[in-house]
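Here the structure is laid out as structure tokens; the discussion comes afterwards.
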Protein chains: 2
Amino acid sequence: MNALHLDNQLCFAVHAASRAFDALYRRQLTELGLTYPQYLVMLVLWEREPLSVKELGTALRLDSGTLSPLLKRLEAAGLVDRERDPADERSVLVRLTPEGARLRERAEPLPGRMLESTGMSPGELADLHAALGRLTRSLTEAAR
Amino acid sequence: MNALHLDNQLCFAVHAASRAFDALYRRQLTELGLTYPQYLVMLVLWEREPLSVKELGTALRLDSGTLSPLLKRLEAAGLVDRERDPADERSVLVRLTPEGARLRERAEPLPGRMLESTGMSPGELADLHAALGRLTRSLTEAAR
DNA sequence: TACAACTCGATTGTGCACAACTTAATTGGG
DNA sequence: CCCAATTAAGTTGTGCACAATCGAGTTGTA
């Protein structure tokens with residue numbers, strides 16, 4: 001047993017799973033004209049809008065260095081609008097265009113299909129989801 | 001319960017955990033002069049060398065588009081050497097320099113510290129590791 | 001109220017991930 | 001034996017992630 005062995009490292013298992021999800025989503029999302037991180041942004045906006053870049057960043061744990069260009073691409077694709085918040089000119093409010101809102105219907109079947117591709121039972125999925133939540137909190141805590 | 005809600009999506013939990021690991025590793029690795037993906041490459045080479053780019057890619061599930069520039073940076077840092085395989089001129093064999101081999105000792109304490117930062121028991125870790133393995137296999141299978 | 005501290009967002013630079021393509025070497029079937 | 005198919009690396013282009021930095025707007029306090 002060697003602690004430096006790749007197969008023994010949880011980090012690699014997480015990394016690999018993340019890329020496997022990403023690859024599967026990529027296929028499903030190309031027909032919607034979205035990348036996976038763009039899809040995550042749309043998920044948040046379908047839930048609640050308008051949101052400032054800051055609020056989006058809090059929800060997705062991303063900073064403006066990632067979000068600014070991503071949102072610019074979503075705007076260029078006609079899916080979102082951006083405007084300065086009149087109440088606080090530092091903030092930029094992001095909202096869905098009608099086309100962005102309409103895209104939700106075409107995205108609706110995605111989570112179900114993805115869930116099916118995991119090949120896991122609802123119980124297993126719940127356990128895994130919970131364990132990952134604990135893990136992320138511990139790692140974030142350790143990084144402070 | 002809304003299937004499109006971010007918090008209900010396993011994919012986001014995996015994505016977030018992966019980035020949390022990445023962030024914590026980044027801190028530990030800067031003093032070794034490595035990024036996290038470079039560290040993964042070194043892990044494989046510490047285990048077994050020489051390896052062709054192809055074999056490294058199989059172990060890490062990465063293609064030459066990712067590995068070629070990464071290996072070039074490791075070479076520039078003096079940690080690996082690259083040379084064409086005399087037995088098959090298509091292949092490039094990657095091996096550790098003495099400096100690259102020496103770095104292993106400084107990396108030795110890392111997995112233990114990371115494990116500690118997960119805040120999980122060995123049993124929990126084993127379960128999570130196994131679940132992620134099943135997940136990655138299912139997702140990879142579904143993408144075929 | 002003046003101004004220092006802070007907040008928000010955008011930008012720049014580095015590196016990873018992957019698709020699509022190119023080039024060179026090898027292999028195998030007719 | 002020859003050439004078409006295959007294989008291995010590398011290159012190019014796009015997009016994500018993040019650190020560091022900047023400028024404009026806001027806030028708290030002396």
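Here's how to read the names in the structure tokens: chain A, B, ... by the order shown, residue numbers from 1 in each chain, ligand numbers from 1 in the order shown.
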Legend entry - Interface list for chain A, partner chain D, 9 Å threshold, only C-alpha atoms (C1' of nucleotides), as a ChimeraX atom specification: /A:35,37,62-63,65-66,70,88-90
Considering only C-alpha atoms, extract the chain A residues located within 6 Å of chain B and return them as a PDB file with N, CA and C atoms, in the first residue's frame.
ATOM      1  N   LEU A  10      -8.298   9.763  -3.184  1.00  0.00           N
ATOM      2  CA  LEU A  10      -9.684  10.200  -3.341  1.00  0.00           C
ATOM      3  C   LEU A  10      -9.775  11.363  -4.308  1.00  0.00           C
ATOM      4  N   VAL A  14     -12.472  11.914  -7.412  1.00  0.00           N
ATOM      5  CA  VAL A  14     -13.386  13.056  -7.551  1.00  0.00           C
ATOM      6  C   VAL A  14     -13.144  13.763  -8.882  1.00  0.00           C
ATOM      7  N   HIS A  15     -11.875  13.993  -9.164  1.00  0.00           N
ATOM      8  CA  HIS A  15     -11.466  14.647 -10.400  1.00  0.00           C
ATOM      9  C   HIS A  15     -12.000  13.873 -11.614  1.00  0.00           C
ATOM     10  N   ALA A  17     -14.491  11.687 -11.757  1.00  0.00           N
ATOM     11  CA  ALA A  17     -15.954  11.707 -11.813  1.00  0.00           C
ATOM     12  C   ALA A  17     -16.437  13.038 -12.375  1.00  0.00           C
ATOM     13  N   SER A  18     -15.781  14.103 -11.967  1.00  0.00           N
ATOM     14  CA  SER A  18     -16.176  15.426 -12.440  1.00  0.00           C
ATOM     15  C   SER A  18     -16.006  15.529 -13.954  1.00  0.00           C
ATOM     16  N   ALA A  20     -15.978  13.017 -16.050  1.00  0.00           N
ATOM     17  CA  ALA A  20     -16.911  12.102 -16.699  1.00  0.00           C
ATOM     18  C   ALA A  20     -18.296  12.753 -16.824  1.00  0.00           C
ATOM     19  N   LEU A  24     -20.270  13.819 -20.389  1.00  0.00           N
ATOM     20  CA  LEU A  24     -21.626  13.365 -20.728  1.00  0.00           C
ATOM     21  C   LEU A  24     -22.549  14.563 -20.943  1.00  0.00           C
ATOM     22  N   SER A 117     -28.107   7.805 -16.177  1.00  0.00           N
ATOM     23  CA  SER A 117     -26.761   7.410 -16.616  1.00  0.00           C
ATOM     24  C   SER A 117     -25.837   7.108 -15.447  1.00  0.00           C
ATOM     25  N   THR A 118     -26.203   7.565 -14.250  1.00  0.00           N
ATOM     26  CA  THR A 118     -25.352   7.270 -13.093  1.00  0.00           C
ATOM     27  C   THR A 118     -25.461   5.798 -12.713  1.00  0.00           C
ATOM     28  N   GLY A 119     -26.551   5.153 -13.099  1.00  0.00           N
ATOM     29  CA  GLY A 119     -26.743   3.751 -12.780  1.00  0.00           C
ATOM     30  C   GLY A 119     -26.850   3.475 -11.297  1.00  0.00           C
ATOM     31  N   HIS A 129     -24.410  12.140  -2.578  1.00  0.00           N
ATOM     32  CA  HIS A 129     -24.610  13.586  -2.572  1.00  0.00           C
ATOM     33  C   HIS A 129     -24.264  14.155  -1.195  1.00  0.00           C
ATOM     34  N   LEU A 135     -17.694  16.485   2.361  1.00  0.00           N
ATOM     35  CA  LEU A 135     -16.310  16.587   1.891  1.00  0.00           C
ATOM     36  C   LEU A 135     -15.980  18.015   1.471  1.00  0.00           C
ATOM     37  N   THR A 136     -16.838  18.595   0.659  1.00  0.00           N
ATOM     38  CA  THR A 136     -16.592  19.953   0.160  1.00  0.00           C
ATOM     39  C   THR A 136     -16.513  20.942   1.318  1.00  0.00           C
ATOM     40  N   SER A 138     -15.639  20.299   4.452  1.00  0.00           N
ATOM     41  CA  SER A 138     -14.388  20.073   5.189  1.00  0.00           C
ATOM     42  C   SER A 138     -13.189  20.656   4.454  1.00  0.00           C
ATOM     43  N   LEU A 139     -13.137  20.436   3.152  1.00  0.00           N
ATOM     44  CA  LEU A 139     -11.996  20.910   2.371  1.00  0.00           C
ATOM     45  C   LEU A 139     -11.980  22.432   2.331  1.00  0.00           C
ATOM     46  N   ALA A 142     -10.784  23.639   5.606  1.00  0.00           N
ATOM     47  CA  ALA A 142      -9.337  23.443   5.775  1.00  0.00           C
ATOM     48  C   ALA A 142      -8.534  24.481   4.989  1.00  0.00           C
ATOM     49  N   ALA A 143      -9.148  25.022   3.948  1.00  0.00           N
ATOM     50  CA  ALA A 143      -8.434  25.975   3.093  1.00  0.00           C
ATOM     51  C   ALA A 143      -8.451  27.382   3.687  1.00  0.00           C
TER      52      ALA A 143
END
Enumerate as a short mmCIF file (atom, residue, chain, number, x, y, z; two decimals) with C-alpha atoms (C1' of nucleotides), in the first residue's frame the residues belonging to chain C that approach chain A to within 10 Å, with only C-alpha atoms (C1' of nucleotides) taken into account.
data_model
loop_
_atom_site.label_atom_id
_atom_site.label_comp_id
_atom_site.auth_asym_id
_atom_site.auth_seq_id
_atom_site.Cartn_x
_atom_site.Cartn_y
_atom_site.Cartn_z
"C1'" DT C 7 -17.19 46.36 -2.71
"C1'" DC C 8 -18.23 45.08 -7.39
"C1'" DG C 9 -17.08 44.02 -11.95
"C1'" DA C 10 -13.94 43.66 -15.49
"C1'" DT C 11 -9.30 42.57 -17.34
"C1'" DT C 12 -4.86 40.17 -17.81
"C1'" DA C 17 -9.46 20.13 -20.80
"C1'" DC C 18 -10.97 18.77 -25.06
#
Inset, instruction - Give the helix (DSSP H, G or I) residues of range 24-118 of chain B, as assigned by DSSP on the backbone, as number ranges by chain. - result: B: 24-30, 36-47, 53-60, 64-76, 98-107, 110-118
Legend entry - Which residue of B:Asp85, B:Glu49, B:Glu55, B:Glu31 approaches Arg106 in chain B most closely, using only C-alpha atoms: B:Glu31
Inset, instruction - Report the residues of range 9-143 of chain A whose backbone DSSP state falls under strand (DSSP E), written as a list in words. - result: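 Taking range 9-143 of chain A and keeping strand (DSSP E) only, one gets Leu51, Ser52, Val80, Asp81, Arg82, Glu83, Arg84, Asp85, Asp88, Glu89, Arg90, Ser91, Val92, Leu93, Val94, Arg95 and Leu96 of chain A.
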For the selection you just gave me, I'd like the residues written to a file as an mmCIF file, in the first residue's frame, keeping N, CA and C atoms.
data_model
loop_
_atom_site.group_PDB
_atom_site.id
_atom_site.type_symbol
_atom_site.label_atom_id
_atom_site.label_comp_id
_atom_site.auth_asym_id
_atom_site.auth_seq_id
_atom_site.Cartn_x
_atom_site.Cartn_y
_atom_site.Cartn_z
ATOM 1 N N LEU A 51 -30.274 38.372 -10.937
ATOM 2 C CA LEU A 51 -29.217 38.158 -9.955
ATOM 3 C C LEU A 51 -28.002 38.985 -10.364
ATOM 4 N N SER A 52 -27.306 39.511 -9.377
ATOM 5 C CA SER A 52 -26.058 40.200 -9.682
ATOM 6 C C SER A 52 -24.980 39.159 -9.979
ATOM 7 N N VAL A 80 -29.164 35.931 -22.138
ATOM 8 C CA VAL A 80 -29.289 36.791 -20.949
ATOM 9 C C VAL A 80 -29.040 38.255 -21.343
ATOM 10 N N ASP A 81 -29.540 39.128 -20.489
ATOM 11 C CA ASP A 81 -29.242 40.557 -20.595
ATOM 12 C C ASP A 81 -28.472 40.975 -19.360
ATOM 13 N N ARG A 82 -27.663 42.008 -19.504
ATOM 14 C CA ARG A 82 -26.943 42.557 -18.358
ATOM 15 C C ARG A 82 -27.149 44.061 -18.313
ATOM 16 N N GLU A 83 -27.434 44.560 -17.116
ATOM 17 C CA GLU A 83 -27.503 46.017 -16.968
ATOM 18 C C GLU A 83 -27.095 46.394 -15.555
ATOM 19 N N ARG A 84 -26.504 47.562 -15.440
ATOM 20 C CA ARG A 84 -26.101 48.079 -14.134
ATOM 21 C C ARG A 84 -27.345 48.235 -13.258
ATOM 22 N N ASP A 85 -27.208 47.878 -12.001
ATOM 23 C CA ASP A 85 -28.282 48.069 -11.034
ATOM 24 C C ASP A 85 -28.406 49.569 -10.755
ATOM 25 N N ASP A 88 -27.472 50.525 -7.259
ATOM 26 C CA ASP A 88 -26.060 50.412 -6.877
ATOM 27 C C ASP A 88 -25.258 50.177 -8.149
ATOM 28 N N GLU A 89 -24.701 51.248 -8.640
ATOM 29 C CA GLU A 89 -24.063 51.207 -9.959
ATOM 30 C C GLU A 89 -22.848 50.273 -10.000
ATOM 31 N N ARG A 90 -22.411 49.758 -8.841
ATOM 32 C CA ARG A 90 -21.311 48.794 -8.884
ATOM 33 C C ARG A 90 -21.775 47.445 -9.393
ATOM 34 N N SER A 91 -23.040 47.119 -9.106
ATOM 35 C CA SER A 91 -23.583 45.799 -9.453
ATOM 36 C C SER A 91 -24.085 45.735 -10.887
ATOM 37 N N VAL A 92 -23.985 44.558 -11.459
ATOM 38 C CA VAL A 92 -24.581 44.295 -12.768
ATOM 39 C C VAL A 92 -25.640 43.226 -12.582
ATOM 40 N N LEU A 93 -26.866 43.539 -12.985
ATOM 41 C CA LEU A 93 -27.950 42.573 -12.852
ATOM 42 C C LEU A 93 -28.067 41.743 -14.124
ATOM 43 N N VAL A 94 -28.126 40.443 -13.914
ATOM 44 C CA VAL A 94 -28.247 39.508 -15.037
ATOM 45 C C VAL A 94 -29.665 38.977 -15.050
ATOM 46 N N ARG A 95 -30.337 39.062 -16.199
ATOM 47 C CA ARG A 95 -31.666 38.439 -16.321
ATOM 48 C C ARG A 95 -31.789 37.677 -17.625
ATOM 49 N N LEU A 96 -32.771 36.761 -17.628
ATOM 50 C CA LEU A 96 -33.017 35.949 -18.810
ATOM 51 C C LEU A 96 -33.705 36.777 -19.879
#
Legend entry - Nearest to Thr97 in chain B by atom-to-atom distance, counting only C-alpha atoms, from B:Pro122, B:Tyr39, B:Pro50, B:Gly57: B:Pro50
Inset, instruction - Go ahead and compute the interatomic distance for CA of Ala101 in chain B and CA of Thr30 in chain B, in Å to one decimal. - result: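 Computing it gives 17.6 Å between the two atoms.
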